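Text of the file entry-v1.csv, holding CSV, C-alpha atoms and all ligand atoms:
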```csv
chain,number,residue,atom,x,y,z
A,44,MET,CA,-17.0,-73.9,-33.0
A,45,GLU,CA,-17.7,-72.5,-29.6
A,46,LEU,CA,-19.4,-73.3,-26.3
A,47,VAL,CA,-21.6,-70.2,-25.8
A,48,THR,CA,-23.0,-69.6,-22.3
A,49,GLY,CA,-26.7,-68.6,-22.4
A,50,GLY,CA,-27.5,-65.2,-21.1
A,51,THR,CA,-28.9,-61.8,-22.0
A,52,GLY,CA,-27.6,-60.3,-25.3
A,53,VAL,CA,-27.1,-63.8,-26.8
A,54,ASP,CA,-29.1,-64.6,-29.9
A,55,PHE,CA,-29.7,-68.3,-29.2
A,56,ARG,CA,-30.9,-69.1,-32.7
A,57,GLU,CA,-27.7,-67.6,-34.2
A,58,VAL,CA,-25.5,-69.6,-31.8
A,59,LEU,CA,-27.2,-72.9,-32.7
A,60,GLU,CA,-27.5,-72.4,-36.4
A,61,ASN,CA,-23.8,-71.5,-36.7
A,62,GLY,CA,-22.9,-74.9,-35.3
A,63,ASN,CA,-22.1,-73.9,-31.7
A,64,LEU,CA,-23.2,-75.4,-28.4
A,65,LEU,CA,-25.5,-73.4,-26.1
A,66,PHE,CA,-24.5,-73.9,-22.5
A,67,PHE,CA,-26.3,-73.3,-19.2
A,68,PRO,CA,-23.9,-74.1,-16.4
A,69,ASP,CA,-26.7,-73.9,-13.7
A,70,GLY,CA,-29.0,-76.2,-15.7
A,71,GLY,CA,-31.3,-73.4,-16.9
A,72,PHE,CA,-34.4,-75.0,-15.4
A,73,GLU,CA,-35.4,-76.7,-12.2
A,74,ILE,CA,-35.3,-80.5,-11.9
A,75,SER,CA,-36.6,-81.6,-8.5
A,76,ARG,CA,-34.3,-83.6,-6.3
A,77,GLU,CA,-36.9,-86.3,-6.2
A,78,ILE,CA,-36.7,-86.7,-10.0
A,79,CYS,CA,-32.9,-86.8,-10.0
A,80,GLN,CA,-32.9,-89.4,-7.3
A,81,ALA,CA,-35.4,-91.6,-9.3
A,82,LEU,CA,-33.0,-91.4,-12.2
A,83,THR,CA,-29.8,-91.9,-10.4
A,84,GLY,CA,-31.0,-94.1,-7.5
A,85,GLU,CA,-30.2,-97.6,-6.3
A,86,ALA,CA,-32.2,-99.5,-9.0
A,87,GLN,CA,-29.8,-98.0,-11.6
A,88,ASP,CA,-27.5,-101.0,-11.9
A,89,ALA,CA,-30.3,-103.3,-12.9
A,90,ARG,CA,-31.3,-101.0,-15.7
A,91,SER,CA,-27.8,-100.2,-17.0
A,92,VAL,CA,-27.6,-103.2,-19.3
A,93,HIS,CA,-29.9,-101.4,-21.8
A,94,LYS,CA,-28.6,-99.0,-24.4
A,95,ASN,CA,-30.9,-96.1,-24.0
A,96,ILE,CA,-34.2,-95.6,-22.2
A,97,ALA,CA,-36.6,-93.7,-24.5
A,98,TYR,CA,-39.6,-91.7,-23.4
A,99,LYS,CA,-42.3,-90.7,-26.0
A,100,PRO,CA,-43.9,-87.6,-24.7
A,101,ASN,CA,-47.0,-87.8,-27.0
A,102,ALA,CA,-47.8,-91.3,-25.9
A,103,ASP,CA,-46.4,-91.0,-22.3
A,104,LYS,CA,-44.6,-94.3,-22.9
A,105,VAL,CA,-41.2,-95.6,-21.8
A,106,SER,CA,-39.2,-98.2,-23.9
A,107,GLY,CA,-35.9,-99.9,-23.3
A,108,LEU,CA,-36.6,-100.9,-19.7
A,109,LYS,CA,-36.3,-104.7,-19.4
A,110,ASP,CA,-37.0,-104.8,-15.7
A,111,ALA,CA,-40.6,-103.7,-15.0
A,112,ARG,CA,-39.7,-102.9,-11.4
A,113,GLY,CA,-39.3,-99.2,-11.0
A,114,ALA,CA,-40.7,-98.6,-14.5
A,115,ASP,CA,-43.4,-96.2,-13.1
A,116,ARG,CA,-40.9,-94.2,-11.2
A,117,VAL,CA,-38.6,-93.9,-14.3
A,118,ARG,CA,-41.6,-93.0,-16.5
A,119,HIS,CA,-42.7,-90.3,-14.0
A,120,ALA,CA,-39.2,-88.9,-13.8
A,121,MET,CA,-38.8,-88.9,-17.6
A,122,ARG,CA,-42.2,-87.2,-18.1
A,123,GLU,CA,-41.2,-84.5,-15.6
A,124,TYR,CA,-37.8,-84.0,-17.3
A,125,SER,CA,-39.4,-83.9,-20.7
A,126,ARG,CA,-42.0,-81.3,-19.7
A,127,ALA,CA,-39.4,-79.1,-18.0
A,128,ALA,CA,-36.9,-79.3,-20.8
A,129,LEU,CA,-39.6,-78.5,-23.5
A,130,ALA,CA,-40.9,-75.6,-21.5
A,131,PHE,CA,-37.4,-74.3,-21.1
A,132,ALA,CA,-36.5,-74.7,-24.7
A,133,ALA,CA,-39.7,-73.1,-25.8
A,134,ARG,CA,-39.1,-70.1,-23.5
A,135,ILE,CA,-35.6,-69.5,-24.9
A,136,LEU,CA,-36.4,-70.4,-28.5
A,137,PRO,CA,-40.0,-69.2,-29.1
A,138,ASP,CA,-39.5,-68.9,-32.9
A,139,TYR,CA,-38.6,-72.6,-33.1
A,140,ALA,CA,-41.2,-73.7,-30.7
A,141,ARG,CA,-44.0,-72.3,-32.8
A,142,ALA,CA,-43.4,-74.9,-35.5
A,143,TRP,CA,-41.4,-77.7,-33.9
A,144,LYS,CA,-42.4,-81.3,-33.6
A,145,VAL,CA,-41.8,-82.8,-30.2
A,146,ASP,CA,-39.8,-86.0,-30.5
A,147,TYR,CA,-38.5,-88.5,-27.9
A,148,ALA,CA,-36.7,-87.9,-24.6
A,149,SER,CA,-33.9,-90.3,-23.5
A,150,PHE,CA,-32.1,-91.4,-20.4
A,151,ARG,CA,-28.4,-92.3,-21.0
A,152,SER,CA,-27.6,-94.4,-18.0
A,153,ILE,CA,-24.5,-96.3,-19.0
A,154,GLU,CA,-20.9,-95.1,-18.6
A,155,GLU,CA,-19.7,-94.1,-22.0
A,156,ARG,CA,-16.0,-94.5,-21.4
A,157,GLY,CA,-14.9,-97.9,-22.6
A,158,ARG,CA,-18.4,-98.8,-23.8
A,159,VAL,CA,-18.3,-101.6,-26.4
A,160,LEU,CA,-20.7,-101.1,-29.3
A,161,PRO,CA,-20.9,-102.0,-33.0
A,162,LEU,CA,-19.2,-99.3,-35.2
A,163,LYS,CA,-22.4,-97.6,-36.3
A,164,LYS,CA,-23.7,-97.4,-32.8
A,165,ARG,CA,-20.5,-96.1,-31.2
A,166,ASN,CA,-20.9,-92.8,-29.4
A,167,ASP,CA,-17.2,-92.1,-29.1
A,168,LEU,CA,-16.7,-91.4,-32.8
A,169,LEU,CA,-17.5,-88.1,-34.4
A,170,HIS,CA,-20.8,-88.1,-36.3
A,171,ILE,CA,-23.9,-86.1,-37.1
A,172,ASP,CA,-27.3,-87.5,-36.0
A,173,ALA,CA,-29.9,-89.0,-38.3
A,174,PHE,CA,-32.9,-91.2,-37.3
A,175,PRO,CA,-33.5,-94.4,-39.3
A,176,THR,CA,-37.2,-94.6,-38.4
A,177,ARG,CA,-38.0,-90.9,-38.2
A,178,PRO,CA,-37.1,-89.0,-41.4
A,179,VAL,CA,-37.0,-85.2,-41.0
A,180,PHE,CA,-37.5,-84.1,-44.6
A,181,GLY,CA,-35.0,-81.2,-44.4
A,182,ASP,CA,-35.9,-80.1,-40.9
A,183,LEU,CA,-33.3,-80.1,-38.0
A,184,ILE,CA,-32.6,-82.2,-34.9
A,185,LEU,CA,-32.4,-80.0,-31.8
A,186,ARG,CA,-31.4,-81.8,-28.6
A,187,CYS,CA,-31.4,-80.5,-25.1
A,188,PHE,CA,-29.1,-82.5,-22.7
A,189,THR,CA,-28.8,-82.3,-18.9
A,190,ASN,CA,-26.1,-84.0,-16.9
A,191,VAL,CA,-28.0,-85.4,-13.9
A,192,ASN,CA,-24.9,-87.2,-12.5
A,193,PRO,CA,-24.3,-85.5,-9.2
A,194,GLU,CA,-20.5,-86.1,-9.3
A,195,GLN,CA,-19.2,-86.8,-12.8
A,196,SER,CA,-18.9,-84.5,-15.9
A,197,ARG,CA,-20.1,-85.6,-19.3
A,198,GLU,CA,-17.2,-85.3,-21.8
A,199,TRP,CA,-17.8,-84.4,-25.4
A,200,GLN,CA,-15.6,-84.0,-28.4
A,201,VAL,CA,-17.1,-81.9,-31.2
A,202,SER,CA,-15.9,-80.7,-34.6
A,203,ASP,CA,-16.7,-77.8,-37.0
A,204,GLY,CA,-20.4,-77.6,-38.1
A,205,PHE,CA,-22.1,-78.6,-41.3
A,206,ALA,CA,-21.1,-75.4,-43.2
A,207,LEU,CA,-17.5,-76.5,-42.9
A,208,LEU,CA,-18.1,-80.2,-42.8
A,209,ALA,CA,-20.1,-80.5,-46.0
A,210,PRO,CA,-17.6,-78.9,-48.4
A,211,ARG,CA,-14.9,-81.1,-46.9
A,212,GLU,CA,-16.6,-84.4,-46.8
A,213,ALA,CA,-20.1,-84.6,-48.5
A,214,GLU,CA,-18.8,-85.2,-52.1
A,215,LYS,CA,-16.4,-87.9,-50.9
A,216,ALA,CA,-19.3,-89.5,-49.0
A,217,GLY,CA,-21.2,-89.8,-52.3
A,218,LEU,CA,-23.6,-86.8,-52.3
A,219,LYS,CA,-23.8,-87.0,-56.1
A,220,GLN,CA,-25.4,-90.4,-56.1
A,221,TYR,CA,-28.1,-89.2,-53.7
A,222,ALA,CA,-28.7,-86.1,-55.8
A,223,ALA,CA,-29.0,-88.3,-58.9
A,224,MET,CA,-31.5,-90.5,-57.0
A,225,ALA,CA,-33.6,-87.3,-56.2
A,226,GLY,CA,-33.8,-86.6,-59.9
A,227,SER,CA,-34.6,-90.1,-61.2
A,228,PRO,CA,-38.1,-91.1,-62.2
A,229,LEU,CA,-37.6,-94.4,-60.5
A,230,HIS,CA,-37.2,-92.6,-57.2
A,231,ALA,CA,-40.6,-90.9,-57.7
A,232,VAL,CA,-42.2,-94.3,-58.3
A,233,ARG,CA,-40.5,-95.8,-55.3
A,234,ARG,CA,-41.6,-92.9,-53.0
A,235,GLY,CA,-45.2,-93.2,-54.4
A,236,LEU,CA,-45.1,-96.9,-53.5
A,237,MET,CA,-43.7,-96.3,-50.1
A,238,ARG,CA,-46.5,-93.8,-49.3
A,239,ALA,CA,-49.1,-96.3,-50.5
A,240,PHE,CA,-47.6,-99.1,-48.3
A,241,ARG,CA,-47.6,-96.7,-45.4
A,242,ALA,CA,-51.2,-95.6,-46.0
A,243,GLY,CA,-52.0,-99.3,-46.0
A,244,GLY,CA,-50.4,-99.7,-42.6
A,245,ALA,CA,-47.2,-101.4,-43.6
A,246,PRO,CA,-44.2,-100.4,-41.4
A,247,VAL,CA,-42.1,-98.9,-44.2
A,248,VAL,CA,-40.1,-95.7,-43.9
A,249,ASP,CA,-40.8,-93.1,-46.6
A,250,ARG,CA,-37.6,-91.0,-46.5
A,251,SER,CA,-36.4,-88.2,-48.7
A,252,PRO,CA,-33.0,-88.3,-50.6
A,253,TYR,CA,-31.8,-85.9,-47.9
A,254,ASP,CA,-32.7,-88.3,-45.1
A,255,ALA,CA,-31.1,-91.2,-47.1
A,256,PHE,CA,-27.9,-89.2,-47.5
A,257,MET,CA,-27.8,-88.1,-43.8
A,258,LEU,CA,-28.2,-91.7,-42.6
A,259,HIS,CA,-25.4,-92.8,-44.9
A,260,PHE,CA,-23.3,-89.8,-43.9
A,261,HIS,CA,-23.7,-90.7,-40.2
A,262,ASP,CA,-22.2,-94.2,-40.8
A,263,TRP,CA,-19.6,-93.0,-43.3
A,264,LEU,CA,-18.2,-90.4,-40.9
A,265,LYS,CA,-18.0,-93.0,-38.1
A,266,GLY,CA,-16.2,-95.5,-40.4
A,267,ASN,CA,-13.8,-92.9,-42.0
A,268,ARG,CA,-10.4,-93.1,-40.3
A,269,GLU,CA,-9.1,-90.0,-42.1
A,270,TYR,CA,-12.0,-87.9,-40.9
A,271,GLN,CA,-11.8,-89.2,-37.4
A,272,GLU,CA,-8.1,-88.6,-37.2
A,273,THR,CA,-7.8,-85.3,-39.0
A,274,ALA,CA,-11.0,-83.4,-38.2
A,275,PRO,CA,-10.5,-80.3,-36.0
A,276,LYS,CA,-11.5,-81.4,-32.4
A,277,TYR,CA,-12.8,-79.4,-29.5
A,278,ARG,CA,-13.2,-80.9,-26.0
A,279,PHE,CA,-16.0,-79.8,-23.6
A,280,ASP,CA,-16.8,-81.1,-20.2
A,281,PHE,CA,-20.3,-80.6,-19.0
A,282,PRO,CA,-20.4,-80.5,-15.2
A,283,PRO,CA,-23.0,-82.1,-12.9
A,284,GLY,CA,-26.4,-80.2,-13.2
A,285,SER,CA,-25.5,-78.4,-16.4
A,286,THR,CA,-27.7,-78.2,-19.6
A,287,TRP,CA,-26.6,-77.8,-23.2
A,288,LEU,CA,-28.3,-77.6,-26.5
A,289,ALA,CA,-27.2,-78.3,-30.1
A,290,PHE,CA,-28.4,-79.1,-33.5
A,291,THR,CA,-26.9,-82.6,-33.5
A,292,ASP,CA,-27.2,-82.8,-37.3
A,293,VAL,CA,-25.2,-79.6,-37.7
A,294,VAL,CA,-22.5,-80.3,-35.1
A,295,PRO,CA,-20.4,-83.4,-35.4
A,296,HIS,CA,-20.1,-84.8,-31.9
A,297,ALA,CA,-18.9,-87.7,-29.8
A,298,VAL,CA,-19.3,-88.6,-26.1
A,299,LEU,CA,-16.1,-89.8,-24.5
A,300,GLY,CA,-17.2,-90.3,-21.0
A,301,GLY,CA,-19.9,-89.8,-18.4
A,302,ARG,CA,-23.1,-91.5,-17.3
A,303,LEU,CA,-26.6,-90.4,-16.3
A,304,ALA,CA,-27.7,-87.8,-18.8
A,305,MET,CA,-31.2,-86.8,-19.8
A,306,GLU,CA,-32.1,-85.5,-23.3
A,307,GLN,CA,-35.1,-84.1,-25.1
A,308,THR,CA,-35.3,-83.9,-28.9
A,309,THR,CA,-37.5,-81.6,-31.0
A,310,ILE,CA,-37.6,-81.4,-34.8
A,311,VAL,CA,-37.2,-77.8,-35.8
A,312,SER,CA,-38.7,-76.6,-39.1
A,313,ARG,CA,-36.2,-75.4,-41.6
A,314,GLY,CA,-38.5,-72.4,-42.2
A,315,SER,CA,-38.3,-71.3,-38.6
A,316,LEU,CA,-34.5,-70.8,-38.7
A,317,ARG,CA,-33.2,-67.3,-38.4
A,318,ASN,CA,-31.1,-68.2,-41.4
A,319,PRO,CA,-32.7,-71.1,-43.3
A,320,ALA,CA,-29.7,-71.3,-45.6
A,321,SER,CA,-27.7,-72.7,-42.6
A,322,ALA,CA,-29.8,-75.9,-42.5
A,323,PRO,CA,-27.8,-79.0,-43.6
A,324,SER,CA,-30.5,-79.7,-46.2
A,325,ALA,CA,-30.1,-76.2,-47.6
A,326,ILE,CA,-26.3,-76.6,-47.7
A,327,LEU,CA,-26.5,-80.0,-49.4
A,328,GLU,CA,-29.1,-78.7,-51.9
A,329,LYS,CA,-26.9,-75.8,-52.9
A,330,MET,CA,-24.0,-78.2,-53.4
A,331,ALA,CA,-26.1,-80.7,-55.4
A,332,GLY,CA,-27.9,-78.0,-57.4
A,333,ARG,CA,-31.3,-79.5,-56.8
A,334,SER,CA,-34.0,-80.2,-54.2
A,335,LEU,CA,-33.3,-83.3,-52.0
A,336,ILE,CA,-36.6,-83.3,-50.2
A,337,SER,CA,-39.4,-83.8,-52.7
A,401,LIG,C1,-24.8,-88.8,-29.2
A,401,LIG,O1,-25.9,-88.2,-29.5
A,401,LIG,O2,-24.1,-89.1,-30.0
A,401,LIG,C2,-24.6,-89.0,-27.7
A,401,LIG,C3,-24.5,-87.8,-26.9
A,401,LIG,C4,-24.6,-88.1,-25.5
A,401,LIG,O3,-25.2,-89.1,-25.1
A,401,LIG,O4,-24.0,-87.3,-24.7
A,402,FE,FE,-25.2,-88.4,-31.8
```

Using structure tokens, write down the structure that the file contains.
Ligand code: SIN
Ligand code: FE
Amino acid sequence: MELVTGGTGVDFREVLENGNLLFFPDGGFEISREICQALTGEAQDARSVHKNIAYKPNADKVSGLKDARGADRVRHAMREYSRAALAFAARILPDYARAWKVDYASFRSIEERGRVLPLKKRNDLLHIDAFPTRPVFGDLILRCFTNVNPEQSREWQVSDGFALLAPREAEKAGLKQYAAMAGSPLHAVRRGLMRAFRAGGAPVVDRSPYDAFMLHFHDWLKGNREYQETAPKYRFDFPPGSTWLAFTDVVPHAVLGGRLAMEQTTIVSRGSLRNPASAPSAILEKMAGRSLIS
């Protein structure tokens, strides 16, 4: 696992797919001072009681803000960040951008050091990302982070990527049961029902066995003392103004300290990878000896 500085001669897809972080010390793209000030300004304290502030680019909507005062300013700033981050990521990763799905952006406004959260929500324990409400069906979660704090670094701890993580932990975490579920006729019936409910407008999540396993794996890793204690650990500090990208379902990560970071997520199609076999879904399917998507 490495922190690779972006520049000419670097194959960005290869870096990311191999479970490394892609780092731009100068931020990679322009964020106006006005935008940074809107995000880091005086009204911040009133907002910082909320977990995460989310921005949905496709709907131009912000959620997670309790205090309506300043909401327009935050929405405007997040929209600008989202646009700039997407344009930057599309420029450096055109092969992904052709087929990706634009997901949410977020504003991480609370100091992470000493933050008290329930186990499954803790950010300071190594984990891979999985979204309870937005299954990816074997595609990958690409996140672009920018530290907009003018003074303080954001401190990460990461571990070896999925190609090393899965052989070590996936069976222990119960991969076999999820693979068996994929093969069971009951599962097909359940998925059919889920789709019908969804088509009827019910708020149910139709997820693949892969998505179910990844959600479980996220929680299992956070709750597993042995993994937390013995996994290889690498520390990286991201200075003010820097940007970094990672497949956060490939790279186990934890944030130990820092506040005021922006982030934009895209869902990258497994088929657009330079090496589709490096997708977590492909690695698990190979281990399980069957498809975990359909
Ligand atoms: C996470 O995705 O676990 C948190 C990363 C961060 O906010 O720096
Ligand atoms: Fe995470």

At a cut-off of 7 Å, can you tabulate as JSON lines every residue of chain A near ligand LIG 401 (chain A) together with its closest atom pair and the distance in Å to one decimal, using only C-alpha atoms and all ligand atoms and ordering rows by chain then number?
```
{"residue": "A:Arg151", "atom": "CA", "partner": "A:LIG401", "partner_atom": "O3", "distance": 6.1}
{"residue": "A:Asn166", "atom": "CA", "partner": "A:LIG401", "partner_atom": "O2", "distance": 4.9}
{"residue": "A:Asp172", "atom": "CA", "partner": "A:LIG401", "partner_atom": "O1", "distance": 6.7}
{"residue": "A:Arg197", "atom": "CA", "partner": "A:LIG401", "partner_atom": "O4", "distance": 6.9}
{"residue": "A:Trp199", "atom": "CA", "partner": "A:LIG401", "partner_atom": "O4", "distance": 6.9}
{"residue": "A:Thr291", "atom": "CA", "partner": "A:LIG401", "partner_atom": "O1", "distance": 7.0}
{"residue": "A:His296", "atom": "CA", "partner": "A:LIG401", "partner_atom": "O2", "distance": 6.2}
{"residue": "A:Ala297", "atom": "CA", "partner": "A:LIG401", "partner_atom": "O2", "distance": 5.4}
{"residue": "A:Val298", "atom": "CA", "partner": "A:LIG401", "partner_atom": "O4", "distance": 5.1}
{"residue": "A:Ala304", "atom": "CA", "partner": "A:LIG401", "partner_atom": "O3", "distance": 6.9}
```

| request: Dump the neighbourhood of ligand FE 402 (chain A) as a ChimeraX atom specification: all residues within 12 Å, distances computed on only C-alpha atoms and all ligand atoms. | output: /A:151,163-174,184-186,188,199-201,258,261-262,264-265,289-299,306,308

| Any idea what the distance is between CA of Glu123 (chain A) and CA of Ser285 (chain A)? |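 Computing it gives 16.9 Å between the two atoms.
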
| task | Just the residues within 9 Å of region 242-253 of chain A, please, counting only C-alpha atoms, with nothing from its chain fewer than 4 positions along; format it as number ranges by chain. | result | A: 175-181, 221-222, 224-225, 230, 234-238, 257-258, 324, 327-328, 334-337

| query | Which one is closest to Arg134 (chain A): A:Leu46, A:Phe55, A:Met305, A:Gly266? Count all atoms listed in the file. | reply |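 Between A:Leu46, A:Phe55, A:Met305, A:Gly266, the residue approaching Arg134 (chain A) most closely is A:Phe55.
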
| query | Hey, can you check how far CA of Arg278 (chain A) sits from CA of Leu208 (chain A)? | reply |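 Going from CA of Arg278 (chain A) over to CA of Leu208 (chain A), I get 17.5 Å.
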
| For Glu155 (chain A), the nearest of the candidates A:Pro319, A:Gly70, A:Gly300, A:Pro275, counting only C-alpha atoms |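 Closest residue, counting only C-alpha atoms: A:Gly300.
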
| said: I'd like the interatomic distance between CA of Arg141 (chain A) and CA of Ser312 (chain A), to a tenth of an Å. | reply: 9.3 Å

Excluding same-chain residues fewer than 5 positions from Arg122 (chain A), what lies within 12 Å of it counting all atoms listed in the file, as an mmCIF file with C-alpha atoms, keeping the file's coordinate frame?
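Wrote it out as out22.cif, contents follow:
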```
data_model
loop_
_atom_site.group_PDB
_atom_site.id
_atom_site.type_symbol
_atom_site.label_atom_id
_atom_site.label_comp_id
_atom_site.auth_asym_id
_atom_site.auth_seq_id
_atom_site.Cartn_x
_atom_site.Cartn_y
_atom_site.Cartn_z
ATOM 1 C CA ILE A 74 -35.300 -80.500 -11.900
ATOM 2 C CA ILE A 78 -36.700 -86.700 -10.000
ATOM 3 C CA ALA A 81 -35.400 -91.600 -9.300
ATOM 4 C CA LEU A 82 -33.000 -91.400 -12.200
ATOM 5 C CA ALA A 97 -36.600 -93.700 -24.500
ATOM 6 C CA TYR A 98 -39.600 -91.700 -23.400
ATOM 7 C CA LYS A 99 -42.300 -90.700 -26.000
ATOM 8 C CA PRO A 100 -43.900 -87.600 -24.700
ATOM 9 C CA ASN A 101 -47.000 -87.800 -27.000
ATOM 10 C CA ALA A 102 -47.800 -91.300 -25.900
ATOM 11 C CA ASP A 103 -46.400 -91.000 -22.300
ATOM 12 C CA LYS A 104 -44.600 -94.300 -22.900
ATOM 13 C CA VAL A 105 -41.200 -95.600 -21.800
ATOM 14 C CA ASP A 115 -43.400 -96.200 -13.100
ATOM 15 C CA ARG A 116 -40.900 -94.200 -11.200
ATOM 16 C CA VAL A 117 -38.600 -93.900 -14.300
ATOM 17 C CA ALA A 127 -39.400 -79.100 -18.000
ATOM 18 C CA ALA A 128 -36.900 -79.300 -20.800
ATOM 19 C CA LEU A 129 -39.600 -78.500 -23.500
ATOM 20 C CA TYR A 147 -38.500 -88.500 -27.900
ATOM 21 C CA ALA A 148 -36.700 -87.900 -24.600
ATOM 22 C CA SER A 149 -33.900 -90.300 -23.500
ATOM 23 C CA PHE A 150 -32.100 -91.400 -20.400
ATOM 24 C CA MET A 305 -31.200 -86.800 -19.800
ATOM 25 C CA GLU A 306 -32.100 -85.500 -23.300
ATOM 26 C CA GLN A 307 -35.100 -84.100 -25.100
#
```

| task | Show which residues sit within 12 Å of Lys329 (chain A), as a PyMOL selection string. Count all atoms listed in the file, and ignore same-chain residues fewer than 2 positions away. | result | chain A and resi 206+209-210+213+218+222+320-327+331-335

| query | For the point (-27.1, -79.4, -20.3) in file coordinates, what residues are within 9 Å, counting all atoms listed in the file? Give the answer as a PyMOL selection string? | reply | chain A and resi 65-71+187-191+281-288+304-306

| task | Measuring atom to atom with only C-alpha atoms, identify which of A:Thr309, A:Glu73, A:Ala274, A:Glu60 is nearest to Asp203 (chain A). | result | A:Ala274

| request: Would you please work out which residue, of A:Arg313, A:Asn192, A:Ile96, A:Glu154, is nearest to Asp110 (chain A) when using all atoms listed in the file? | output: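 Among the listed residues, A:Ile96 lies closest to Asp110 (chain A).
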